[in-house]
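Presented below is the structure to which this report refers.
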Amino acid sequence: MGKRITVTVIKADVGGFVGHTSVHPELLEKAKGALSGCPLLIDYHVTYVGDDINLIMTHELGRNNGEIHKLAWDTFVACTEVAKKLKLYGAGQDLLSDAFSGNIKGLGPGVAEMEVEERESEPIVIFMADKTEPGAWNLPLYKIFADPFNTIGLVIDPKMHSGFVFEVRDLIENKKIMFNAPEDIYDMLVFIGAPGRYAIKRIFHRETGQIAAVSSVQRLNLIAGRYIGKDDPVCIVRCQSGYPAVGEVLEPFATPHLVSGWMRGSHSGPLMPVGLKDAHPCRFDGPPRVVALGFQLANGKLVGPRDLFDDPAFDRAREMSNQIADYLRRLGPFEPHRLHLDEMEYTTMPMVMQKLKDRFIDLRLAKAQKAKEKGGA
């Protein structure tokens with residue numbers, strides 16, 4: 001029996017350099033120093049995408065461990081102090097509380113964790129996105145774990161042929177529902193096709209019951225009650241030997257799909273797969289980016305990373321993303337480039353509506369009043 005290892009990925013935007021485009025090197029060094037030598041951890045890796053710091057940690061303390069979460073919180077607080085010193089943009093913006101309260105969930109940072117019993121070989125891919133929301137993972141996770149046109153292992157690998165179980169969260173009403181693939185696919189698509197409200201949280205192997213993938217589903221605007229930045233989600237996926245191969249896990253990103261976010265969190269745009277060297281969205285604060293880092297777990301050690309999208313095979317996806325971005329930008333403030341109204345309620349839209357409320361005329365009342373005046377005459 002292999003060692004049980006918890007992989008914890010926690011991300012936060014605690015200050016952008018410059019604007020919302022990147023993370024200053026001093027913040028990354030501060031984060032590394034905060035995690036270095038910590039007796040709670042087996043290993044760690046600090047990275048970034050866009051203006052988000054991502055802490056990748058391994059340990060034996062299980063999911064939702066208060067000590068691990070406090071370590072991440074304290075790290076982000078320390079980075080915030082550096083951000084304030086450098087006058088970085090939005091210093092501490094994802095930290096929605098003045099104090100840690102036992103668990104980092106609900107305090108702003110995004111969290112994805114899985115506890116696994118290490119196999120003889122345990123490859124994982126960690127996806128990190130910027131300028132988008134948790135539902136951005138819905139389409140690729142569906143294709144990875146339920147679409148045989150993407151993942152041939154669902155057809156020809158006996159260990160995968162029985163399918164996977166999807167845990168879907170209702171982000172508005174805080175509910176969850178489980179779907180079995182393949183027989184529940186049509187029902188599931190009704191929900192995950194609306195990624196602004198429903199997001200895939202976890203996926204399990206049907207035969208073994210073991211975790212296959214997990215994502216962060218925190219919605220910052222629902223926590224804070226206002227727009228303070230997009231959620232910039234993270235996702236962990238296990239690969240090979242009964243799970244999708246690494247190439248099957250990456251394949252959905254070869255065709256960029258539209259996600260919500262981009263400029264001011266209020267626009268649709270293509271999710272562009274990039275290597276770390278290009279993980280600093282600038283055009284209209286975008287387009288949204290996704291990075292994929294591959295690791296081998298070895299007794300909890302993070303062997304890697306491999307920068308998996310730093311590959312010319314994804315050049316066409318990047319070119320396609322730019323073409324889609326060109327087209328959408330021509331639409332300016334009009335839908336479908338700008339998000340629909342129910343996604344705009346955390347922006348200036350309510351203030352504009354309040355300011356203009358007395359200038360709206362109820363046509364039914366106006367018609368009734370006109371008829372009354374005509375009758376009186």
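Following the order of the structure tokens, first chain is A, next is B, and so on, with residues numbered from 1 inside each chain and ligands from 1 in the order they appear.
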
Could you pull the residues within 9 Å of Ile10 of chain A, counting only C-alpha atoms, minus those fewer than 6 positions along the same chain, as a VMD selection string?
chain A and resid 53 to 57 69 72 109 to 113 216 234

Could you give me, as a CSV table (one decimal) with C-alpha atoms, in the first residue's frame, the residues within 12 Å of Gln210 of chain A, counting only C-alpha atoms and dropping anything in the same chain fewer than 3 positions from it?
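Generated file (result_26.csv):
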chain,number,residue,atom,x,y,z
A,114,MET,CA,-6.9,15.9,-3.2
A,115,GLU,CA,-5.7,13.0,-0.9
A,116,VAL,CA,-4.3,10.1,-2.8
A,117,GLU,CA,-2.6,6.8,-2.1
A,118,GLU,CA,0.5,7.0,-4.3
A,119,ARG,CA,0.6,4.5,-7.1
A,164,PHE,CA,-16.4,8.4,-13.9
A,165,VAL,CA,-18.6,10.1,-11.3
A,202,ARG,CA,-14.6,16.7,-8.1
A,203,ILE,CA,-14.4,13.6,-10.3
A,204,PHE,CA,-14.1,10.1,-9.1
A,205,HIS,CA,-13.2,6.7,-10.7
A,206,ARG,CA,-16.4,4.7,-10.7
A,207,GLU,CA,-14.8,1.3,-10.0
A,213,ALA,CA,-9.7,15.5,-10.4
A,214,VAL,CA,-10.6,18.4,-8.2
A,238,ARG,CA,-4.4,12.5,-12.0
A,242,GLY,CA,-6.8,3.9,-15.0
A,243,TYR,CA,-7.0,7.6,-15.5

I'd like to know which residues of segment 174-279 of chain A are strand (DSSP E) (by DSSP, run on the backbone); could you write them as an mmCIF file with all heavy atoms, in the first residue's frame?
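For reference, part_14.cif as written:
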data_model
loop_
_atom_site.group_PDB
_atom_site.id
_atom_site.type_symbol
_atom_site.label_atom_id
_atom_site.label_comp_id
_atom_site.auth_asym_id
_atom_site.auth_seq_id
_atom_site.Cartn_x
_atom_site.Cartn_y
_atom_site.Cartn_z
ATOM 1 N N LYS A 175 -25.344 24.022 -3.378
ATOM 2 C CA LYS A 175 -25.798 22.633 -3.385
ATOM 3 C C LYS A 175 -24.862 21.824 -4.273
ATOM 4 O O LYS A 175 -24.074 22.374 -5.035
ATOM 5 C CB LYS A 175 -27.224 22.531 -3.944
ATOM 6 C CG LYS A 175 -28.282 23.252 -3.123
ATOM 7 C CD LYS A 175 -29.642 23.123 -3.804
ATOM 8 C CE LYS A 175 -30.731 23.823 -3.022
ATOM 9 N NZ LYS A 175 -32.050 23.730 -3.710
ATOM 10 N N LYS A 176 -24.962 20.490 -4.163
ATOM 11 C CA LYS A 176 -24.187 19.633 -5.053
ATOM 12 C C LYS A 176 -25.048 18.485 -5.539
ATOM 13 O O LYS A 176 -26.036 18.105 -4.905
ATOM 14 C CB LYS A 176 -22.927 19.100 -4.361
ATOM 15 C CG LYS A 176 -23.178 18.013 -3.333
ATOM 16 C CD LYS A 176 -21.847 17.473 -2.791
ATOM 17 C CE LYS A 176 -22.087 16.327 -1.811
ATOM 18 N NZ LYS A 176 -20.808 15.777 -1.291
ATOM 19 N N ILE A 177 -24.661 17.917 -6.683
ATOM 20 C CA ILE A 177 -25.342 16.765 -7.255
ATOM 21 C C ILE A 177 -24.284 15.888 -7.921
ATOM 22 O O ILE A 177 -23.301 16.400 -8.458
ATOM 23 C CB ILE A 177 -26.435 17.196 -8.257
ATOM 24 C CG1 ILE A 177 -27.175 15.975 -8.807
ATOM 25 C CG2 ILE A 177 -25.855 18.045 -9.373
ATOM 26 C CD1 ILE A 177 -28.393 16.331 -9.661
ATOM 27 N N MET A 178 -24.491 14.565 -7.862
ATOM 28 C CA MET A 178 -23.558 13.622 -8.451
ATOM 29 C C MET A 178 -24.152 13.052 -9.745
ATOM 30 O O MET A 178 -25.339 12.713 -9.807
ATOM 31 C CB MET A 178 -23.258 12.479 -7.477
ATOM 32 C CG MET A 178 -22.877 12.926 -6.075
ATOM 33 S SD MET A 178 -21.364 13.904 -5.978
ATOM 34 C CE MET A 178 -20.125 12.613 -6.189
ATOM 35 N N PHE A 179 -23.309 12.958 -10.785
ATOM 36 C CA PHE A 179 -23.720 12.384 -12.064
ATOM 37 C C PHE A 179 -22.779 11.246 -12.432
ATOM 38 O O PHE A 179 -21.554 11.374 -12.294
ATOM 39 C CB PHE A 179 -23.663 13.429 -13.176
ATOM 40 C CG PHE A 179 -24.668 14.536 -13.048
ATOM 41 C CD1 PHE A 179 -24.281 15.779 -12.574
ATOM 42 C CD2 PHE A 179 -25.993 14.337 -13.408
ATOM 43 C CE1 PHE A 179 -25.202 16.807 -12.465
ATOM 44 C CE2 PHE A 179 -26.920 15.364 -13.309
ATOM 45 C CZ PHE A 179 -26.526 16.601 -12.832
ATOM 46 N N ASN A 180 -23.344 10.146 -12.933
ATOM 47 C CA ASN A 180 -22.551 9.034 -13.431
ATOM 48 C C ASN A 180 -22.399 9.151 -14.939
ATOM 49 O O ASN A 180 -23.390 9.293 -15.664
ATOM 50 C CB ASN A 180 -23.215 7.686 -13.106
ATOM 51 C CG ASN A 180 -23.214 7.384 -11.627
ATOM 52 O OD1 ASN A 180 -22.269 7.717 -10.920
ATOM 53 N ND2 ASN A 180 -24.281 6.750 -11.143
ATOM 54 N N TYR A 198 -23.047 26.622 -12.418
ATOM 55 C CA TYR A 198 -22.722 25.243 -12.053
ATOM 56 C C TYR A 198 -21.277 24.930 -12.443
ATOM 57 O O TYR A 198 -20.863 25.212 -13.563
ATOM 58 C CB TYR A 198 -23.678 24.268 -12.743
ATOM 59 C CG TYR A 198 -25.117 24.464 -12.333
ATOM 60 C CD1 TYR A 198 -25.980 25.236 -13.104
ATOM 61 C CD2 TYR A 198 -25.599 23.904 -11.164
ATOM 62 C CE1 TYR A 198 -27.292 25.431 -12.729
ATOM 63 C CE2 TYR A 198 -26.914 24.091 -10.773
ATOM 64 C CZ TYR A 198 -27.762 24.859 -11.554
ATOM 65 O OH TYR A 198 -29.053 25.062 -11.169
ATOM 66 N N ALA A 199 -20.537 24.342 -11.527
ATOM 67 C CA ALA A 199 -19.123 24.036 -11.783
ATOM 68 C C ALA A 199 -18.801 22.632 -11.289
ATOM 69 O O ALA A 199 -19.302 22.191 -10.242
ATOM 70 C CB ALA A 199 -18.216 25.061 -11.096
ATOM 71 N N ILE A 200 -17.963 21.937 -12.041
ATOM 72 C CA ILE A 200 -17.502 20.609 -11.629
ATOM 73 C C ILE A 200 -16.480 20.783 -10.519
ATOM 74 O O ILE A 200 -15.452 21.435 -10.696
ATOM 75 C CB ILE A 200 -16.875 19.852 -12.808
ATOM 76 C CG1 ILE A 200 -17.921 19.622 -13.899
ATOM 77 C CG2 ILE A 200 -16.282 18.522 -12.341
ATOM 78 C CD1 ILE A 200 -17.334 19.100 -15.209
ATOM 79 N N LYS A 201 -16.775 20.213 -9.359
ATOM 80 C CA LYS A 201 -15.871 20.318 -8.210
ATOM 81 C C LYS A 201 -14.909 19.139 -8.156
ATOM 82 O O LYS A 201 -13.700 19.326 -8.010
ATOM 83 C CB LYS A 201 -16.685 20.392 -6.912
ATOM 84 C CG LYS A 201 -15.852 20.309 -5.629
ATOM 85 C CD LYS A 201 -14.831 21.441 -5.546
ATOM 86 C CE LYS A 201 -14.007 21.343 -4.265
ATOM 87 N NZ LYS A 201 -12.946 22.358 -4.201
ATOM 88 N N ARG A 202 -15.449 17.914 -8.218
ATOM 89 C CA ARG A 202 -14.590 16.724 -8.122
ATOM 90 C C ARG A 202 -15.067 15.653 -9.092
ATOM 91 O O ARG A 202 -16.237 15.617 -9.475
ATOM 92 C CB ARG A 202 -14.599 16.164 -6.692
ATOM 93 C CG ARG A 202 -13.946 17.081 -5.675
ATOM 94 C CD ARG A 202 -13.767 16.404 -4.320
ATOM 95 N NE ARG A 202 -15.044 16.168 -3.663
ATOM 96 C CZ ARG A 202 -15.191 15.533 -2.499
ATOM 97 N NH1 ARG A 202 -14.122 15.047 -1.880
ATOM 98 N NH2 ARG A 202 -16.382 15.377 -1.966
ATOM 99 N N ILE A 203 -14.132 14.779 -9.468
ATOM 100 C CA ILE A 203 -14.430 13.639 -10.327
ATOM 101 C C ILE A 203 -13.803 12.403 -9.688
ATOM 102 O O ILE A 203 -12.669 12.448 -9.209
ATOM 103 C CB ILE A 203 -13.884 13.857 -11.753
ATOM 104 C CG1 ILE A 203 -14.525 15.104 -12.377
ATOM 105 C CG2 ILE A 203 -14.136 12.631 -12.624
ATOM 106 C CD1 ILE A 203 -13.939 15.480 -13.717
ATOM 107 N N PHE A 204 -14.559 11.291 -9.690
ATOM 108 C CA PHE A 204 -14.106 10.057 -9.053
ATOM 109 C C PHE A 204 -14.129 8.899 -10.051
ATOM 110 O O PHE A 204 -14.974 8.854 -10.949
ATOM 111 C CB PHE A 204 -15.014 9.696 -7.867
ATOM 112 C CG PHE A 204 -15.061 10.732 -6.785
ATOM 113 C CD1 PHE A 204 -16.023 11.739 -6.809
ATOM 114 C CD2 PHE A 204 -14.144 10.706 -5.740
ATOM 115 C CE1 PHE A 204 -16.076 12.693 -5.810
ATOM 116 C CE2 PHE A 204 -14.187 11.667 -4.737
ATOM 117 C CZ PHE A 204 -15.155 12.664 -4.772
ATOM 118 N N HIS A 205 -13.193 7.978 -9.868
ATOM 119 C CA HIS A 205 -13.161 6.743 -10.654
ATOM 120 C C HIS A 205 -14.313 5.853 -10.186
ATOM 121 O O HIS A 205 -14.465 5.592 -8.990
ATOM 122 C CB HIS A 205 -11.817 6.036 -10.432
ATOM 123 C CG HIS A 205 -11.520 4.972 -11.420
ATOM 124 N ND1 HIS A 205 -12.157 3.753 -11.415
ATOM 125 C CD2 HIS A 205 -10.636 4.930 -12.462
ATOM 126 C CE1 HIS A 205 -11.677 3.006 -12.387
ATOM 127 N NE2 HIS A 205 -10.761 3.701 -13.054
ATOM 128 N N ILE A 211 -10.291 9.502 -6.047
ATOM 129 C CA ILE A 211 -10.351 10.827 -6.639
ATOM 130 C C ILE A 211 -9.579 10.852 -7.951
ATOM 131 O O ILE A 211 -8.488 10.277 -8.058
ATOM 132 C CB ILE A 211 -9.810 11.888 -5.655
ATOM 133 C CG1 ILE A 211 -10.031 13.309 -6.170
ATOM 134 C CG2 ILE A 211 -8.337 11.650 -5.358
ATOM 135 C CD1 ILE A 211 -11.445 13.785 -6.121
ATOM 136 N N ALA A 212 -10.143 11.518 -8.959
ATOM 137 C CA ALA A 212 -9.488 11.650 -10.259
ATOM 138 C C ALA A 212 -9.121 13.093 -10.560
ATOM 139 O O ALA A 212 -8.100 13.349 -11.209
ATOM 140 C CB ALA A 212 -10.397 11.107 -11.365
ATOM 141 N N ALA A 213 -9.954 14.034 -10.118
ATOM 142 C CA ALA A 213 -9.696 15.452 -10.372
ATOM 143 C C ALA A 213 -10.437 16.290 -9.345
ATOM 144 O O ALA A 213 -11.456 15.860 -8.798
ATOM 145 C CB ALA A 213 -10.128 15.844 -11.785
ATOM 146 N N VAL A 214 -9.920 17.477 -9.100
ATOM 147 C CA VAL A 214 -10.574 18.406 -8.172
ATOM 148 C C VAL A 214 -10.250 19.823 -8.612
ATOM 149 O O VAL A 214 -9.160 20.099 -9.129
ATOM 150 C CB VAL A 214 -10.109 18.167 -6.713
ATOM 151 C CG1 VAL A 214 -8.612 18.407 -6.560
ATOM 152 C CG2 VAL A 214 -10.885 19.041 -5.741
ATOM 153 N N SER A 215 -11.217 20.727 -8.453
ATOM 154 C CA SER A 215 -11.009 22.117 -8.847
ATOM 155 C C SER A 215 -11.441 23.050 -7.725
ATOM 156 O O SER A 215 -12.153 22.659 -6.798
ATOM 157 C CB SER A 215 -11.795 22.442 -10.123
ATOM 158 O OG SER A 215 -13.187 22.392 -9.868
ATOM 159 N N VAL A 234 -8.023 27.001 -10.030
ATOM 160 C CA VAL A 234 -6.980 25.987 -10.163
ATOM 161 C C VAL A 234 -7.642 24.611 -10.213
ATOM 162 O O VAL A 234 -8.783 24.439 -9.782
ATOM 163 C CB VAL A 234 -5.961 26.053 -8.999
ATOM 164 C CG1 VAL A 234 -5.149 27.323 -9.075
ATOM 165 C CG2 VAL A 234 -6.656 25.949 -7.646
ATOM 166 N N CYS A 235 -6.919 23.632 -10.746
ATOM 167 C CA CYS A 235 -7.478 22.293 -10.916
ATOM 168 C C CYS A 235 -6.340 21.276 -10.884
ATOM 169 O O CYS A 235 -5.269 21.519 -11.452
ATOM 170 C CB CYS A 235 -8.234 22.220 -12.243
ATOM 171 S SG CYS A 235 -9.003 20.627 -12.613
ATOM 172 N N ILE A 236 -6.562 20.137 -10.237
ATOM 173 C CA ILE A 236 -5.580 19.052 -10.164
ATOM 174 C C ILE A 236 -6.177 17.823 -10.842
ATOM 175 O O ILE A 236 -7.316 17.446 -10.545
ATOM 176 C CB ILE A 236 -5.228 18.696 -8.704
ATOM 177 C CG1 ILE A 236 -4.899 19.945 -7.885
ATOM 178 C CG2 ILE A 236 -4.066 17.701 -8.657
ATOM 179 C CD1 ILE A 236 -4.794 19.675 -6.382
ATOM 180 N N VAL A 237 -5.425 17.195 -11.736
ATOM 181 C CA VAL A 237 -5.895 16.015 -12.455
ATOM 182 C C VAL A 237 -4.859 14.907 -12.359
ATOM 183 O O VAL A 237 -3.677 15.131 -12.642
ATOM 184 C CB VAL A 237 -6.173 16.339 -13.943
ATOM 185 C CG1 VAL A 237 -6.661 15.094 -14.684
ATOM 186 C CG2 VAL A 237 -7.202 17.465 -14.076
ATOM 187 N N ARG A 238 -5.305 13.703 -11.956
ATOM 188 C CA ARG A 238 -4.425 12.529 -11.959
ATOM 189 C C ARG A 238 -4.395 11.909 -13.353
ATOM 190 O O ARG A 238 -5.399 11.955 -14.091
ATOM 191 C CB ARG A 238 -4.904 11.480 -10.952
ATOM 192 C CG ARG A 238 -4.893 11.950 -9.530
ATOM 193 C CD ARG A 238 -5.503 10.915 -8.606
ATOM 194 N NE ARG A 238 -4.556 9.845 -8.256
ATOM 195 C CZ ARG A 238 -4.869 8.812 -7.494
ATOM 196 N NH1 ARG A 238 -6.106 8.663 -7.038
ATOM 197 N NH2 ARG A 238 -3.953 7.904 -7.184
ATOM 198 N N LEU A 258 -14.641 29.589 -25.067
ATOM 199 C CA LEU A 258 -14.952 30.884 -24.486
ATOM 200 C C LEU A 258 -15.235 30.755 -22.997
ATOM 201 O O LEU A 258 -15.961 29.844 -22.566
ATOM 202 C CB LEU A 258 -16.162 31.518 -25.186
ATOM 203 C CG LEU A 258 -15.977 31.911 -26.652
ATOM 204 C CD1 LEU A 258 -17.253 32.572 -27.170
ATOM 205 C CD2 LEU A 258 -14.788 32.846 -26.824
ATOM 206 N N VAL A 259 -14.663 31.661 -22.223
ATOM 207 C CA VAL A 259 -14.874 31.687 -20.778
ATOM 208 C C VAL A 259 -15.219 33.108 -20.355
ATOM 209 O O VAL A 259 -14.963 34.081 -21.073
ATOM 210 C CB VAL A 259 -13.619 31.202 -20.014
ATOM 211 C CG1 VAL A 259 -13.309 29.753 -20.358
ATOM 212 C CG2 VAL A 259 -12.412 32.099 -20.311
ATOM 213 N N SER A 260 -15.799 33.241 -19.166
ATOM 214 C CA SER A 260 -16.142 34.555 -18.628
ATOM 215 C C SER A 260 -14.976 35.120 -17.836
ATOM 216 O O SER A 260 -14.304 34.395 -17.106
ATOM 217 C CB SER A 260 -17.370 34.440 -17.717
ATOM 218 O OG SER A 260 -18.494 34.014 -18.442
ATOM 219 N N GLY A 261 -14.751 36.425 -17.983
ATOM 220 C CA GLY A 261 -13.669 37.066 -17.231
ATOM 221 C C GLY A 261 -13.072 38.218 -18.008
ATOM 222 O O GLY A 261 -13.716 39.236 -18.219
ATOM 223 N N HIS A 267 -16.224 40.209 -19.431
ATOM 224 C CA HIS A 267 -16.230 39.913 -20.864
ATOM 225 C C HIS A 267 -15.968 38.434 -21.123
ATOM 226 O O HIS A 267 -15.300 37.756 -20.333
ATOM 227 C CB HIS A 267 -15.155 40.748 -21.577
ATOM 228 C CG HIS A 267 -15.421 42.214 -21.549
ATOM 229 N ND1 HIS A 267 -15.175 42.982 -20.431
ATOM 230 C CD2 HIS A 267 -15.928 43.046 -22.490
ATOM 231 C CE1 HIS A 267 -15.513 44.241 -20.696
ATOM 232 N NE2 HIS A 267 -15.965 44.301 -21.927
ATOM 233 N N SER A 268 -16.499 37.963 -22.246
ATOM 234 C CA SER A 268 -16.190 36.613 -22.714
ATOM 235 C C SER A 268 -14.927 36.664 -23.565
ATOM 236 O O SER A 268 -14.730 37.608 -24.331
ATOM 237 C CB SER A 268 -17.346 36.058 -23.549
ATOM 238 O OG SER A 268 -18.488 35.866 -22.754
ATOM 239 N N GLY A 269 -14.104 35.623 -23.423
ATOM 240 C CA GLY A 269 -12.883 35.566 -24.211
ATOM 241 C C GLY A 269 -12.361 34.154 -24.304
ATOM 242 O O GLY A 269 -12.771 33.274 -23.539
ATOM 243 N N PRO A 270 -11.452 33.900 -25.235
ATOM 244 C CA PRO A 270 -10.896 32.554 -25.409
ATOM 245 C C PRO A 270 -9.874 32.232 -24.320
ATOM 246 O O PRO A 270 -9.070 33.085 -23.944
ATOM 247 C CB PRO A 270 -10.221 32.637 -26.777
ATOM 248 C CG PRO A 270 -9.810 34.079 -26.885
ATOM 249 C CD PRO A 270 -10.877 34.872 -26.189
ATOM 250 N N MET A 272 -6.617 30.873 -23.476
ATOM 251 C CA MET A 272 -5.400 30.627 -24.244
ATOM 252 C C MET A 272 -4.412 29.774 -23.449
ATOM 253 O O MET A 272 -3.976 30.175 -22.377
ATOM 254 C CB MET A 272 -4.742 31.961 -24.618
ATOM 255 C CG MET A 272 -3.453 31.816 -25.406
ATOM 256 S SD MET A 272 -2.613 33.392 -25.691
ATOM 257 C CE MET A 272 -3.674 34.122 -26.941
ATOM 258 N N PRO A 273 -4.028 28.590 -23.964
ATOM 259 C CA PRO A 273 -3.029 27.764 -23.273
ATOM 260 C C PRO A 273 -1.630 28.298 -23.527
ATOM 261 O O PRO A 273 -1.230 28.476 -24.687
ATOM 262 C CB PRO A 273 -3.224 26.380 -23.900
ATOM 263 C CG PRO A 273 -3.733 26.671 -25.281
ATOM 264 C CD PRO A 273 -4.540 27.938 -25.193
#

Could you pull the residues within 9 Å of segment 289-294 of chain A, counting only C-alpha atoms, minus those fewer than 2 positions along the same chain, as a count of residues only?
37

Please list as a ChimeraX atom specification every residue within 12 Å of segment 168-174 of chain A, counting only C-alpha atoms and excluding residues in the same chain fewer than 6 positions away.
/A:133-135,137-138,141-142,180,187-204,214-223,342-343

Which residues are near Ala146 of chain A? Cut-off 9 Å, only C-alpha atoms, ignore same chain within fewer than 6 positions. Put them as a PyMOL selection string.
chain A and resi 154+163-164+181-182+185

So that I have them on file, write out the residues from the current selection with N, CA, C and O atoms, as a JSON list (two decimals), in the first residue's frame.
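Contents of again_12.json, as written:
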[["chain", "number", "residue", "atom", "x", "y", "z"],
["A", 154, "LEU", "N", -11.32, 5.88, -22.64],
["A", 154, "LEU", "CA", -12.67, 5.52, -22.21],
["A", 154, "LEU", "C", -13.21, 4.34, -23.01],
["A", 154, "LEU", "O", -14.08, 3.60, -22.53],
["A", 163, "GLY", "N", -16.25, 4.32, -16.67],
["A", 163, "GLY", "CA", -16.54, 5.74, -16.58],
["A", 163, "GLY", "C", -16.18, 6.38, -15.24],
["A", 163, "GLY", "O", -15.50, 5.78, -14.40],
["A", 164, "PHE", "N", -16.69, 7.59, -15.04],
["A", 164, "PHE", "CA", -16.35, 8.39, -13.88],
["A", 164, "PHE", "C", -17.60, 9.05, -13.29],
["A", 164, "PHE", "O", -18.63, 9.16, -13.95],
["A", 181, "ALA", "N", -21.14, 9.10, -15.40],
["A", 181, "ALA", "CA", -20.89, 9.08, -16.84],
["A", 181, "ALA", "C", -20.51, 7.65, -17.24],
["A", 181, "ALA", "O", -19.73, 7.01, -16.52],
["A", 182, "PRO", "N", -21.11, 7.13, -18.32],
["A", 182, "PRO", "CA", -21.78, 7.87, -19.38],
["A", 182, "PRO", "C", -23.29, 8.03, -19.27],
["A", 182, "PRO", "O", -23.86, 8.85, -19.99],
["A", 185, "ILE", "N", -24.89, 11.62, -18.83],
["A", 185, "ILE", "CA", -24.23, 12.71, -19.54],
["A", 185, "ILE", "C", -25.23, 13.79, -19.99],
["A", 185, "ILE", "O", -24.99, 14.99, -19.81]]

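The nearest approach to Pro288 of chain A among the residues A:Lys301, A:Arg318, A:Lys70, A:Lys374, with only C-alpha atoms taken into account, belongs to A:Arg318.
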